[in-house]
>>> print(open('upload-v1.txt').read())   # compact mmCIF, C-alpha atoms and all ligand atoms
# COMPACT_ATOMS: atom_id res chain seq x y z
CA MET A 17 199.91 -37.23 -26.91
CA PRO A 18 201.34 -35.60 -23.76
CA THR A 19 204.37 -33.45 -24.54
CA SER A 20 206.71 -35.60 -22.46
CA LYS A 21 205.93 -38.66 -24.58
CA ARG A 22 206.65 -37.00 -27.86
CA PRO A 23 210.07 -37.73 -29.38
CA ILE A 24 212.75 -35.24 -28.42
CA VAL A 25 214.10 -33.57 -31.54
CA ILE A 26 217.10 -31.33 -30.91
CA VAL A 27 217.72 -28.77 -33.64
CA THR A 28 221.21 -27.31 -33.47
CA ARG A 29 220.62 -24.01 -35.34
CA LYS A 30 217.77 -21.57 -35.85
CA LEU A 31 215.58 -22.62 -38.79
CA PRO A 32 212.89 -20.64 -40.68
CA GLU A 33 209.90 -19.91 -38.47
CA ALA A 34 207.47 -22.02 -40.50
CA VAL A 35 209.76 -25.03 -40.07
CA GLU A 36 210.22 -24.51 -36.34
CA THR A 37 206.47 -24.05 -35.83
CA ARG A 38 205.70 -27.32 -37.60
CA MET A 39 208.41 -29.13 -35.69
CA CYS A 40 206.93 -27.92 -32.40
CA GLU A 41 203.49 -29.17 -33.48
CA LEU A 42 204.81 -32.63 -34.30
CA PHE A 43 207.66 -33.25 -31.88
CA ASP A 44 209.07 -32.23 -28.54
CA ALA A 45 211.35 -29.91 -30.49
CA ARG A 46 214.22 -28.24 -28.64
CA LEU A 47 215.14 -25.20 -30.71
CA ASN A 48 218.20 -22.96 -30.77
CA VAL A 49 216.48 -19.60 -30.46
CA GLY A 50 219.75 -17.65 -30.19
CA ASP A 51 221.27 -19.47 -33.20
CA ASN A 52 224.64 -19.80 -31.46
CA PRO A 53 226.56 -22.76 -32.90
CA MET A 54 226.68 -25.50 -30.25
CA SER A 55 230.01 -26.40 -28.68
CA HIS A 56 231.27 -29.97 -28.72
CA ALA A 57 230.20 -30.27 -25.07
CA GLU A 58 226.70 -28.97 -25.85
CA LEU A 59 226.40 -31.37 -28.77
CA GLY A 60 227.54 -34.14 -26.42
CA GLN A 61 224.71 -33.25 -24.08
CA ALA A 62 222.30 -33.18 -27.04
CA VAL A 63 223.14 -36.68 -28.27
CA LYS A 64 222.64 -38.01 -24.74
CA THR A 65 219.05 -36.75 -24.67
CA ALA A 66 217.77 -36.50 -28.22
CA ASP A 67 215.75 -39.17 -29.99
CA VAL A 68 216.47 -37.30 -33.18
CA LEU A 69 219.25 -34.81 -33.82
CA VAL A 70 218.93 -32.18 -36.57
CA PRO A 71 222.43 -30.84 -37.22
CA THR A 72 223.78 -28.57 -39.95
CA VAL A 73 227.07 -28.14 -41.76
CA THR A 74 228.48 -26.22 -38.78
CA ASP A 75 228.18 -29.22 -36.43
CA ARG A 76 230.92 -31.84 -36.44
CA ILE A 77 229.19 -35.14 -35.68
CA ASP A 78 232.34 -37.21 -35.36
CA ARG A 79 233.23 -40.50 -33.74
CA SER A 80 234.01 -39.01 -30.33
CA LEU A 81 230.65 -37.26 -30.28
CA LEU A 82 228.73 -40.31 -31.44
CA SER A 83 230.43 -42.39 -28.75
CA GLN A 84 228.61 -40.21 -26.20
CA ALA A 85 225.19 -40.84 -27.79
CA GLY A 86 222.54 -42.45 -25.64
CA PRO A 87 220.77 -45.59 -26.92
CA GLN A 88 217.64 -43.52 -27.62
CA LEU A 89 219.36 -41.62 -30.48
CA LYS A 90 218.21 -43.41 -33.61
CA LEU A 91 218.12 -40.73 -36.28
CA ILE A 92 220.32 -37.87 -37.41
CA ALA A 93 218.25 -35.83 -39.84
CA ASN A 94 220.81 -33.47 -41.35
CA PHE A 95 219.58 -30.04 -42.44
CA GLY A 96 221.66 -30.00 -45.62
CA THR A 97 222.60 -32.19 -48.54
CA GLY A 98 226.29 -32.59 -47.83
CA VAL A 99 226.87 -35.04 -44.99
CA ASP A 100 230.63 -34.62 -44.68
CA ASN A 101 230.01 -33.17 -41.22
CA ILE A 102 228.84 -36.61 -40.05
CA ASP A 103 230.89 -39.77 -39.49
CA LEU A 104 228.59 -42.06 -41.47
CA ASP A 105 230.52 -45.25 -40.70
CA THR A 106 230.35 -44.74 -36.95
CA ALA A 107 226.66 -43.84 -37.19
CA ARG A 108 225.99 -47.07 -39.09
CA VAL A 109 227.93 -49.17 -36.60
CA ARG A 110 225.93 -47.60 -33.77
CA GLY A 111 222.64 -48.25 -35.57
CA ILE A 112 221.88 -44.57 -36.13
CA ILE A 113 220.16 -43.72 -39.40
CA VAL A 114 221.30 -40.58 -41.22
CA THR A 115 219.19 -38.58 -43.68
CA ASN A 116 219.87 -35.44 -45.74
CA THR A 117 217.93 -32.96 -47.93
CA PRO A 118 218.80 -33.60 -51.59
CA GLY A 119 217.07 -32.01 -54.57
CA VAL A 120 215.50 -28.95 -52.99
CA LEU A 121 218.64 -26.82 -53.09
CA THR A 122 219.81 -27.89 -56.54
CA GLU A 123 218.48 -24.93 -58.52
CA ASP A 124 219.47 -22.29 -55.94
CA THR A 125 223.01 -23.63 -55.71
CA ALA A 126 223.26 -23.82 -59.51
CA ASP A 127 222.09 -20.19 -59.72
CA MET A 128 224.83 -19.14 -57.31
CA THR A 129 227.40 -21.11 -59.27
CA MET A 130 226.32 -19.38 -62.48
CA ALA A 131 226.43 -16.03 -60.70
CA LEU A 132 230.07 -16.68 -59.77
CA ILE A 133 230.90 -17.94 -63.27
CA LEU A 134 229.73 -14.54 -64.51
CA ALA A 135 230.98 -12.43 -61.63
CA VAL A 136 234.64 -13.37 -61.69
CA PRO A 137 235.56 -12.93 -65.38
CA ARG A 138 233.35 -9.81 -65.63
CA ARG A 139 234.77 -8.28 -62.41
CA LEU A 140 231.40 -7.56 -60.79
CA ALA A 141 232.68 -7.32 -57.23
CA GLU A 142 235.52 -4.99 -58.23
CA GLY A 143 233.10 -2.69 -60.04
CA THR A 144 230.76 -2.49 -57.06
CA VAL A 145 233.58 -1.80 -54.61
CA LEU A 146 234.88 0.89 -56.90
CA LEU A 147 231.63 2.81 -56.80
CA LYS A 148 230.87 2.29 -53.12
CA ASP A 149 234.30 2.81 -51.59
CA PRO A 150 234.63 6.52 -50.74
CA ARG A 151 238.43 6.27 -51.11
CA LYS A 152 238.05 5.32 -54.75
CA HIS A 153 237.06 7.57 -57.60
CA TRP A 154 235.25 6.74 -60.83
CA PRO A 155 236.59 9.11 -63.46
CA GLY A 156 233.86 8.10 -65.93
CA TRP A 157 233.60 5.62 -68.77
CA SER A 158 236.69 4.61 -70.71
CA PRO A 159 237.02 2.16 -73.61
CA THR A 160 239.89 0.24 -72.07
CA TRP A 161 238.94 0.31 -68.42
CA MET A 162 237.63 -2.52 -66.19
CA LEU A 163 237.87 -5.00 -69.01
CA GLY A 164 237.11 -8.56 -68.10
CA HIS A 165 236.76 -11.63 -70.27
CA ARG A 166 233.72 -12.91 -72.13
CA ILE A 167 232.38 -16.30 -71.11
CA TRP A 168 230.49 -16.98 -74.34
CA GLY A 169 232.23 -19.68 -76.38
CA LYS A 170 234.55 -20.69 -73.55
CA ARG A 171 235.02 -24.17 -72.11
CA LEU A 172 233.45 -24.93 -68.75
CA GLY A 173 234.73 -28.04 -66.96
CA ILE A 174 232.30 -29.31 -64.33
CA ILE A 175 233.73 -31.59 -61.66
CA GLY A 176 230.84 -33.68 -60.34
CA MET A 177 227.92 -34.17 -62.75
CA GLY A 178 225.23 -34.93 -60.20
CA ARG A 179 222.04 -32.92 -59.76
CA ILE A 180 223.78 -29.61 -59.15
CA GLY A 181 226.44 -30.15 -61.83
CA GLN A 182 223.72 -30.84 -64.39
CA ALA A 183 221.72 -27.80 -63.32
CA VAL A 184 224.85 -25.68 -63.74
CA ALA A 185 225.43 -27.19 -67.20
CA ARG A 186 221.88 -26.28 -68.29
CA ARG A 187 222.38 -22.68 -67.26
CA ALA A 188 225.88 -22.48 -68.71
CA ARG A 189 224.73 -23.74 -72.12
CA ALA A 190 222.23 -20.90 -72.27
CA PHE A 191 225.16 -18.52 -71.76
CA GLY A 192 227.02 -20.07 -74.70
CA LEU A 193 229.59 -22.06 -72.74
CA GLN A 194 230.80 -25.44 -74.01
CA ILE A 195 230.15 -28.10 -71.40
CA HIS A 196 232.82 -30.56 -70.32
CA TYR A 197 232.72 -32.74 -67.24
CA HIS A 198 234.51 -35.23 -65.07
CA ASN A 199 232.55 -37.57 -62.83
CA ARG A 200 233.06 -40.86 -61.05
CA ARG A 201 230.65 -42.38 -63.55
CA ARG A 202 229.77 -41.20 -67.01
CA VAL A 203 226.18 -39.86 -67.09
CA SER A 204 223.60 -41.36 -69.43
CA GLU A 205 223.84 -40.78 -73.16
CA ASP A 206 220.54 -38.89 -73.05
CA THR A 207 221.86 -36.48 -70.44
CA GLU A 208 225.11 -36.00 -72.32
CA GLN A 209 223.17 -35.22 -75.47
CA GLU A 210 220.77 -32.87 -73.74
CA LEU A 211 223.66 -30.94 -72.20
CA GLU A 212 225.95 -31.37 -75.22
CA ALA A 213 228.48 -32.39 -72.62
CA THR A 214 231.89 -33.92 -73.26
CA TYR A 215 233.04 -36.51 -70.74
CA TRP A 216 236.66 -36.57 -69.59
CA GLU A 217 237.71 -39.74 -67.87
CA SER A 218 240.97 -38.06 -66.94
CA LEU A 219 240.49 -35.08 -64.65
CA ASP A 220 244.09 -34.02 -65.32
CA GLN A 221 243.50 -33.81 -69.06
CA MET A 222 240.28 -31.90 -68.64
CA LEU A 223 241.78 -29.37 -66.24
CA ALA A 224 244.58 -28.50 -68.63
CA ARG A 225 242.11 -27.52 -71.33
CA MET A 226 239.38 -25.59 -69.51
CA ASP A 227 238.73 -21.84 -69.33
CA ILE A 228 236.49 -22.12 -66.27
CA VAL A 229 236.33 -25.00 -63.79
CA SER A 230 233.34 -25.47 -61.50
CA VAL A 231 233.51 -27.76 -58.47
CA ASN A 232 230.16 -29.48 -57.88
CA CYS A 233 231.06 -32.77 -56.24
CA PRO A 234 230.53 -33.73 -52.59
CA HIS A 235 233.39 -33.72 -50.13
CA THR A 236 234.31 -37.31 -49.32
CA PRO A 237 237.62 -38.97 -48.42
CA ALA A 238 238.07 -39.56 -52.17
CA THR A 239 237.52 -35.91 -53.14
CA TYR A 240 239.52 -34.28 -50.34
CA HIS A 241 242.04 -32.03 -52.15
CA LEU A 242 240.94 -33.50 -55.47
CA LEU A 243 242.26 -30.20 -56.79
CA SER A 244 245.66 -30.73 -55.20
CA ALA A 245 248.68 -28.49 -55.69
CA ARG A 246 249.77 -30.73 -58.56
CA ARG A 247 246.39 -30.57 -60.31
CA LEU A 248 245.93 -26.84 -59.79
CA LYS A 249 249.20 -26.33 -61.63
CA LEU A 250 247.69 -28.07 -64.67
CA LEU A 251 245.22 -25.19 -65.12
CA LYS A 252 245.92 -22.59 -67.75
CA PRO A 253 247.08 -19.30 -66.17
CA THR A 254 244.05 -17.70 -67.85
CA ALA A 255 241.61 -20.14 -66.19
CA TYR A 256 239.02 -19.30 -63.54
CA ILE A 257 237.87 -21.62 -60.81
CA VAL A 258 234.47 -21.61 -59.08
CA ASN A 259 233.55 -23.62 -55.99
CA THR A 260 230.07 -23.82 -54.48
CA ALA A 261 230.51 -27.40 -53.19
CA ARG A 262 232.97 -27.79 -50.33
CA GLY A 263 236.22 -25.99 -49.61
CA GLU A 264 238.00 -29.21 -48.76
CA VAL A 265 237.91 -30.32 -52.41
CA ILE A 266 240.54 -27.67 -53.25
CA ASP A 267 243.94 -27.20 -51.63
CA GLU A 268 243.04 -23.68 -50.48
CA ASN A 269 246.56 -22.61 -49.52
CA GLU A 270 247.91 -23.55 -52.92
CA LEU A 271 245.01 -21.83 -54.68
CA ALA A 272 245.65 -18.69 -52.63
CA ARG A 273 249.34 -18.80 -53.47
CA MET A 274 248.58 -19.16 -57.18
CA VAL A 275 246.08 -16.30 -57.13
CA GLU A 276 248.64 -14.07 -55.42
CA ALA A 277 251.34 -15.10 -57.89
CA GLY A 278 249.05 -14.50 -60.88
CA GLN A 279 249.26 -18.15 -61.92
CA ILE A 280 245.47 -18.40 -62.22
CA ALA A 281 243.11 -15.71 -63.55
CA GLY A 282 240.67 -15.67 -60.66
CA ALA A 283 238.34 -17.60 -58.39
CA GLY A 284 234.71 -17.46 -57.28
CA LEU A 285 234.43 -19.13 -53.90
CA ASP A 286 231.31 -19.73 -51.82
CA VAL A 287 232.97 -22.35 -49.61
CA PHE A 288 236.31 -22.61 -47.84
CA GLU A 289 238.48 -25.31 -46.41
CA ASN A 290 238.35 -24.18 -42.78
CA GLU A 291 235.11 -22.21 -42.56
CA PRO A 292 234.60 -19.64 -41.23
CA ALA A 293 238.37 -19.02 -41.52
CA ILE A 294 239.52 -17.99 -44.99
CA ASN A 295 243.06 -17.74 -46.32
CA PRO A 296 243.71 -13.95 -46.16
CA LYS A 297 245.47 -14.00 -49.54
CA LEU A 298 242.15 -14.90 -51.15
CA LEU A 299 240.35 -12.02 -49.48
CA ALA A 300 243.12 -9.61 -50.42
CA SER A 301 242.88 -10.38 -54.13
CA ASP A 302 240.76 -8.36 -56.56
CA ARG A 303 240.56 -11.48 -58.67
CA VAL A 304 238.63 -13.46 -56.04
CA VAL A 305 234.91 -13.11 -55.47
CA ALA A 306 234.25 -14.60 -52.04
CA LEU A 307 230.85 -15.37 -50.52
CA PRO A 308 230.01 -16.68 -47.03
CA HIS A 309 228.57 -20.12 -47.96
CA MET A 310 225.38 -18.70 -49.49
CA GLY A 311 224.76 -21.27 -52.25
CA SER A 312 221.42 -22.47 -50.94
CA ALA A 313 220.59 -19.33 -48.99
CA THR A 314 217.09 -18.55 -50.23
CA ILE A 315 214.11 -18.45 -47.89
CA GLU A 316 212.24 -20.83 -50.21
CA GLY A 317 215.13 -23.26 -50.27
CA ARG A 318 215.60 -23.25 -46.52
CA ILE A 319 211.87 -23.88 -45.94
CA ASP A 320 211.98 -26.76 -48.46
CA MET A 321 215.02 -28.17 -46.66
CA GLY A 322 213.16 -27.95 -43.35
CA GLU A 323 210.16 -29.73 -44.85
CA LYS A 324 212.41 -32.51 -46.05
CA VAL A 325 213.89 -32.85 -42.58
CA ILE A 326 210.39 -33.08 -41.10
CA ILE A 327 209.27 -35.70 -43.64
CA ASN A 328 212.36 -37.77 -42.91
CA ILE A 329 211.76 -37.63 -39.15
CA LYS A 330 208.03 -38.27 -39.41
CA THR A 331 208.45 -41.21 -41.81
CA PHE A 332 211.10 -42.73 -39.56
CA LEU A 333 209.00 -42.28 -36.41
CA ASP A 334 206.06 -43.90 -38.21
CA GLY A 335 208.23 -46.99 -38.63
CA HIS A 336 209.16 -46.61 -42.29
CA ASN A 337 212.40 -46.09 -44.16
CA PRO A 338 212.93 -42.31 -44.41
CA PRO A 339 213.04 -41.15 -48.06
CA ASP A 340 216.42 -39.45 -47.88
CA ARG A 341 218.35 -42.10 -46.00
CA VAL A 342 222.07 -41.83 -46.61
CA HIS A 343 224.34 -44.87 -46.82
CA PRO A 344 228.13 -44.61 -46.52
CA ALA A 345 228.49 -46.38 -49.90
CA MET A 346 226.69 -43.48 -51.62
CA PHE A 347 229.70 -41.24 -51.03
C1 LIG B 401 223.63 -25.71 -46.65
C2 LIG B 401 225.11 -27.05 -48.22
O1 LIG B 401 223.40 -24.39 -46.43
O2 LIG B 401 223.30 -28.57 -48.12
C3 LIG B 401 224.48 -28.40 -48.24
O3 LIG B 401 225.25 -29.38 -48.41
O4 LIG B 401 226.24 -26.92 -48.48
C4 LIG B 401 224.44 -25.79 -47.91
O5 LIG B 401 223.75 -25.36 -49.02
C5 LIG B 401 224.27 -26.28 -45.43
O6 LIG B 401 225.00 -27.42 -45.66
C6 LIG B 401 223.23 -26.57 -44.39
O7 LIG B 401 223.68 -27.50 -43.43
>>> encode(input="upload-v1.txt", output="structure tokens")
Amino acid sequence: MPTSKRPIVIVTRKLPEAVETRMCELFDARLNVGDNPMSHAELGQAVKTADVLVPTVTDRIDRSLLSQAGPQLKLIANFGTGVDNIDLDTARVRGIIVTNTPGVLTEDTADMTMALILAVPRRLAEGTVLLKDPRKHWPGWSPTWMLGHRIWGKRLGIIGMGRIGQAVARRARAFGLQIHYHNRRRVSEDTEQELEATYWESLDQMLARMDIVSVNCPHTPATYHLLSARRLKLLKPTAYIVNTARGEVIDENELARMVEAGQIAGAGLDVFENEPAINPKLLASDRVVALPHMGSATIEGRIDMGEKVIINIKTFLDGHNPPDRVHPAMF
């Protein structure tokens, strides 16, 4: 097929080389070689020309942007599982199909969640800084120094028992944590038994009893500030909170205030409410381990995500329903 006849696929960020190479073989792929996030105006230009847009979490595909889309734009194949960056209702009304990349980043994100569940109570980041910072001095081992808290035997409350929540539960059980969860719907009896998980219909009641809380639900209008100022205050002052889902699920300012005031034991945060901006109180605290949205950041995971994007585009262009089609009702 001559290049000009191939569908124009605009990819907003740099993707792994193998993914970009395959995209160029299959489509008239317009890549972002410099990996500079596209401005709203650049995205506006993209939706006017693209047959398929491949955005990421850093692109806000909102109503005003979609209103600029040309009639040729029929598919938004998101490079990512979360689709809170896309106005799904407007896309539906405009007849634009949206797909995502579920499943392939489950295990990597669960690993990162587990890493934070360990890192915060055991003070891993503090220990590393202590050795590497030339202004600090390690006087040698002491029996009462750098003491953290054990996680074995403690209660982990998982908010959102989907794929990632369940993968976290499997890991956490192996570390001796007791699994509790809150979810829109109770999971099957088999899954509950396998994970030895206790269901809490009331999030408030669960929060008040947990030692560690892990946020693993998507960000939707219903979960925005699910951990509101009121709910955060229900946590025990000895509790830790971990978030590898979306910053918007937690009232970040209130969390930062509570960390500063010592009203919560610590937090492990991979995501933030206004990325890349982060409340400075969180960064200033020794009791916060902060990561720059790295939950799915493995080369294997990113290649798998790219393959999913390609399969979704290819299936759609071949006239079929793409496998990872997202419907507004799913969220
Ligand atoms: C991705 C994520 O890195 O897939 C998701 O929802 O949060 C991340 O793991 C990012 O969203 C890619 O767009």
>>> atom_distance(input="upload-v1.txt", atom1="atom CA of A:Val68", atom2="atom CA of A:Leu91")
4.9 Å
>>> closest_residue(input="upload-v1.txt", among="A:Gly181, A:Pro137, A:Gly173, A:Gly282", to="A:Gln194", atoms="all atoms listed in the file")
A:Gly173
>>> residues_near_ligand(input="upload-v1.txt", ligand="ligand LIG 401 (chain B)", cutoff="10 Å", atoms="all atoms listed in the file", output="ChimeraX atom specification")
/A:29,70-75,94-101,116-122,124-125,234-235,260-262,286-287,309-314,317-318,321
>>> closest_residue(input="upload-v1.txt", among="A:Ile112, A:Met162, A:Ile329, A:Val203", to="A:Arg179", atoms="all atoms listed in the file")
A:Val203
>>> closest_residue(input="upload-v1.txt", among="A:Asn52, A:Val265, A:Gly143, A:Val325", to="A:Thr236", atoms="only C-alpha atoms")
A:Val265
>>> atom_distance(input="upload-v1.txt", atom1="atom CA of A:Cys40", atom2="atom CA of A:Phe332")
17.0 Å
>>> atom_distance(input="upload-v1.txt", atom1="atom CA of A:Arg202", atom2="atom CA of A:Glu217")
8.1 Å
>>> residues_around(input="upload-v1.txt", residues="stretch 242-246 of chain A", least_positions_apart="5", cutoff="10 Å", atoms="all atoms listed in the file", output="NGL selection string")
:A and (175 or 219-220 or 223 or 231 or 233 or 235-237 or 251 or 264-271 or 273-274)
>>> closest_atom_pairs(input="upload-v1.txt", of="stretch 103-180 of chain A", to="stretch 302-306 of chain A", cutoff="9 Å", atoms="all atoms listed in the file", output="JSON lines")
{"residue": "A:Leu132", "atom": "CA", "partner": "A:Val305", "partner_atom": "CA", "distance": 7.4}
{"residue": "A:Ala135", "atom": "CA", "partner": "A:Val305", "partner_atom": "CA", "distance": 7.3}
{"residue": "A:Val136", "atom": "CA", "partner": "A:Val305", "partner_atom": "CA", "distance": 6.2}
{"residue": "A:Pro137", "atom": "CA", "partner": "A:Arg303", "partner_atom": "CA", "distance": 8.5}
{"residue": "A:Arg139", "atom": "CA", "partner": "A:Arg303", "partner_atom": "CA", "distance": 7.6}
{"residue": "A:Leu140", "atom": "CA", "partner": "A:Val305", "partner_atom": "CA", "distance": 8.5}
{"residue": "A:Ala141", "atom": "CA", "partner": "A:Val305", "partner_atom": "CA", "distance": 6.4}
{"residue": "A:Glu142", "atom": "CA", "partner": "A:Asp302", "partner_atom": "CA", "distance": 6.5}
>>> decode(input="upload-v1.txt", residues="stretch 154-239 of chain A", atoms="C-alpha atoms", output="PDB file, in the first residue's frame")
ATOM      1  CA  TRP A 154      26.779   6.603  59.765  1.00  0.00           C
ATOM      2  CA  PRO A 155      28.311   6.000  63.175  1.00  0.00           C
ATOM      3  CA  GLY A 156      27.904   2.218  62.818  1.00  0.00           C
ATOM      4  CA  TRP A 157      25.309  -0.310  63.894  1.00  0.00           C
ATOM      5  CA  SER A 158      23.186   0.323  66.963  1.00  0.00           C
ATOM      6  CA  PRO A 159      20.437  -1.844  68.469  1.00  0.00           C
ATOM      7  CA  THR A 160      17.922   0.976  68.702  1.00  0.00           C
ATOM      8  CA  TRP A 161      18.698   2.900  65.554  1.00  0.00           C
ATOM      9  CA  MET A 162      16.684   3.186  62.306  1.00  0.00           C
ATOM     10  CA  LEU A 163      13.944   1.010  63.695  1.00  0.00           C
ATOM     11  CA  GLY A 164      10.919   0.631  61.506  1.00  0.00           C
ATOM     12  CA  HIS A 165       7.872  -1.570  61.871  1.00  0.00           C
ATOM     13  CA  ARG A 166       7.383  -5.168  60.814  1.00  0.00           C
ATOM     14  CA  ILE A 167       4.713  -5.850  58.220  1.00  0.00           C
ATOM     15  CA  TRP A 168       4.271  -9.540  59.039  1.00  0.00           C
ATOM     16  CA  GLY A 169       0.955 -10.146  60.793  1.00  0.00           C
ATOM     17  CA  LYS A 170      -0.388  -6.674  60.036  1.00  0.00           C
ATOM     18  CA  ARG A 171      -3.653  -5.815  58.301  1.00  0.00           C
ATOM     19  CA  LEU A 172      -3.504  -4.628  54.708  1.00  0.00           C
ATOM     20  CA  GLY A 173      -6.626  -2.910  53.370  1.00  0.00           C
ATOM     21  CA  ILE A 174      -6.777  -2.910  49.577  1.00  0.00           C
ATOM     22  CA  ILE A 175      -9.063  -0.346  47.967  1.00  0.00           C
ATOM     23  CA  GLY A 176      -9.999  -1.711  44.546  1.00  0.00           C
ATOM     24  CA  MET A 177      -9.841  -5.501  44.175  1.00  0.00           C
ATOM     25  CA  GLY A 178      -9.439  -5.674  40.412  1.00  0.00           C
ATOM     26  CA  ARG A 179      -6.517  -7.291  38.624  1.00  0.00           C
ATOM     27  CA  ILE A 180      -3.850  -5.195  40.317  1.00  0.00           C
ATOM     28  CA  GLY A 181      -5.484  -5.321  43.760  1.00  0.00           C
ATOM     29  CA  GLN A 182      -5.601  -9.115  43.573  1.00  0.00           C
ATOM     30  CA  ALA A 183      -1.989  -9.327  42.416  1.00  0.00           C
ATOM     31  CA  VAL A 184      -1.000  -7.158  45.388  1.00  0.00           C
ATOM     32  CA  ALA A 185      -3.000  -9.412  47.720  1.00  0.00           C
ATOM     33  CA  ARG A 186      -1.176 -12.519  46.437  1.00  0.00           C
ATOM     34  CA  ARG A 187       2.189 -10.946  47.122  1.00  0.00           C
ATOM     35  CA  ALA A 188       1.144  -9.516  50.471  1.00  0.00           C
ATOM     36  CA  ARG A 189      -0.089 -12.897  51.723  1.00  0.00           C
ATOM     37  CA  ALA A 190       3.340 -14.343  51.049  1.00  0.00           C
ATOM     38  CA  PHE A 191       4.745 -11.620  53.308  1.00  0.00           C
ATOM     39  CA  GLY A 192       2.377 -12.623  56.113  1.00  0.00           C
ATOM     40  CA  LEU A 193      -0.066  -9.736  55.824  1.00  0.00           C
ATOM     41  CA  GLN A 194      -3.776 -10.263  56.502  1.00  0.00           C
ATOM     42  CA  ILE A 195      -5.794  -9.234  53.468  1.00  0.00           C
ATOM     43  CA  HIS A 196      -8.811  -6.958  53.723  1.00  0.00           C
ATOM     44  CA  TYR A 197     -10.480  -5.153  50.855  1.00  0.00           C
ATOM     45  CA  HIS A 198     -13.129  -2.722  49.778  1.00  0.00           C
ATOM     46  CA  ASN A 199     -14.483  -2.820  46.243  1.00  0.00           C
ATOM     47  CA  ARG A 200     -17.547  -1.670  44.356  1.00  0.00           C
ATOM     48  CA  ARG A 201     -18.529  -5.314  44.071  1.00  0.00           C
ATOM     49  CA  ARG A 202     -17.540  -8.204  46.263  1.00  0.00           C
ATOM     50  CA  VAL A 203     -15.187 -10.568  44.379  1.00  0.00           C
ATOM     51  CA  SER A 204     -16.083 -14.223  43.881  1.00  0.00           C
ATOM     52  CA  GLU A 205     -16.036 -16.612  46.810  1.00  0.00           C
ATOM     53  CA  ASP A 206     -13.224 -18.560  45.147  1.00  0.00           C
ATOM     54  CA  THR A 207     -11.052 -15.468  44.898  1.00  0.00           C
ATOM     55  CA  GLU A 208     -11.817 -14.475  48.474  1.00  0.00           C
ATOM     56  CA  GLN A 209     -10.851 -17.940  49.641  1.00  0.00           C
ATOM     57  CA  GLU A 210      -7.684 -18.054  47.559  1.00  0.00           C
ATOM     58  CA  LEU A 211      -6.572 -14.692  48.943  1.00  0.00           C
ATOM     59  CA  GLU A 212      -8.031 -15.304  52.416  1.00  0.00           C
ATOM     60  CA  ALA A 213      -9.467 -11.856  51.953  1.00  0.00           C
ATOM     61  CA  THR A 214     -12.042 -10.153  54.170  1.00  0.00           C
ATOM     62  CA  TYR A 215     -14.549  -7.932  52.390  1.00  0.00           C
ATOM     63  CA  TRP A 216     -15.581  -4.619  53.930  1.00  0.00           C
ATOM     64  CA  GLU A 217     -18.697  -3.109  52.470  1.00  0.00           C
ATOM     65  CA  SER A 218     -18.001   0.037  54.455  1.00  0.00           C
ATOM     66  CA  LEU A 219     -14.772   1.740  53.427  1.00  0.00           C
ATOM     67  CA  ASP A 220     -14.958   3.903  56.555  1.00  0.00           C
ATOM     68  CA  GLN A 221     -15.013   0.888  58.838  1.00  0.00           C
ATOM     69  CA  MET A 222     -12.166  -0.787  57.011  1.00  0.00           C
ATOM     70  CA  LEU A 223      -9.960   2.305  57.071  1.00  0.00           C
ATOM     71  CA  ALA A 224     -10.277   2.679  60.822  1.00  0.00           C
ATOM     72  CA  ARG A 225      -8.898  -0.816  61.388  1.00  0.00           C
ATOM     73  CA  MET A 226      -6.027  -1.150  58.913  1.00  0.00           C
ATOM     74  CA  ASP A 227      -2.267  -0.956  59.479  1.00  0.00           C
ATOM     75  CA  ILE A 228      -1.493  -0.384  55.796  1.00  0.00           C
ATOM     76  CA  VAL A 229      -3.879   0.861  53.108  1.00  0.00           C
ATOM     77  CA  SER A 230      -3.144   0.346  49.418  1.00  0.00           C
ATOM     78  CA  VAL A 231      -5.005   2.287  46.737  1.00  0.00           C
ATOM     79  CA  ASN A 232      -5.536   0.140  43.633  1.00  0.00           C
ATOM     80  CA  CYS A 233      -8.732   1.469  42.094  1.00  0.00           C
ATOM     81  CA  PRO A 234      -9.054   3.545  38.921  1.00  0.00           C
ATOM     82  CA  HIS A 235      -9.636   7.276  39.074  1.00  0.00           C
ATOM     83  CA  THR A 236     -13.221   7.987  38.044  1.00  0.00           C
ATOM     84  CA  PRO A 237     -15.697  10.695  39.078  1.00  0.00           C
ATOM     85  CA  ALA A 238     -16.827   8.261  41.812  1.00  0.00           C
ATOM     86  CA  THR A 239     -13.325   7.704  43.218  1.00  0.00           C
TER      87      THR A 239
END
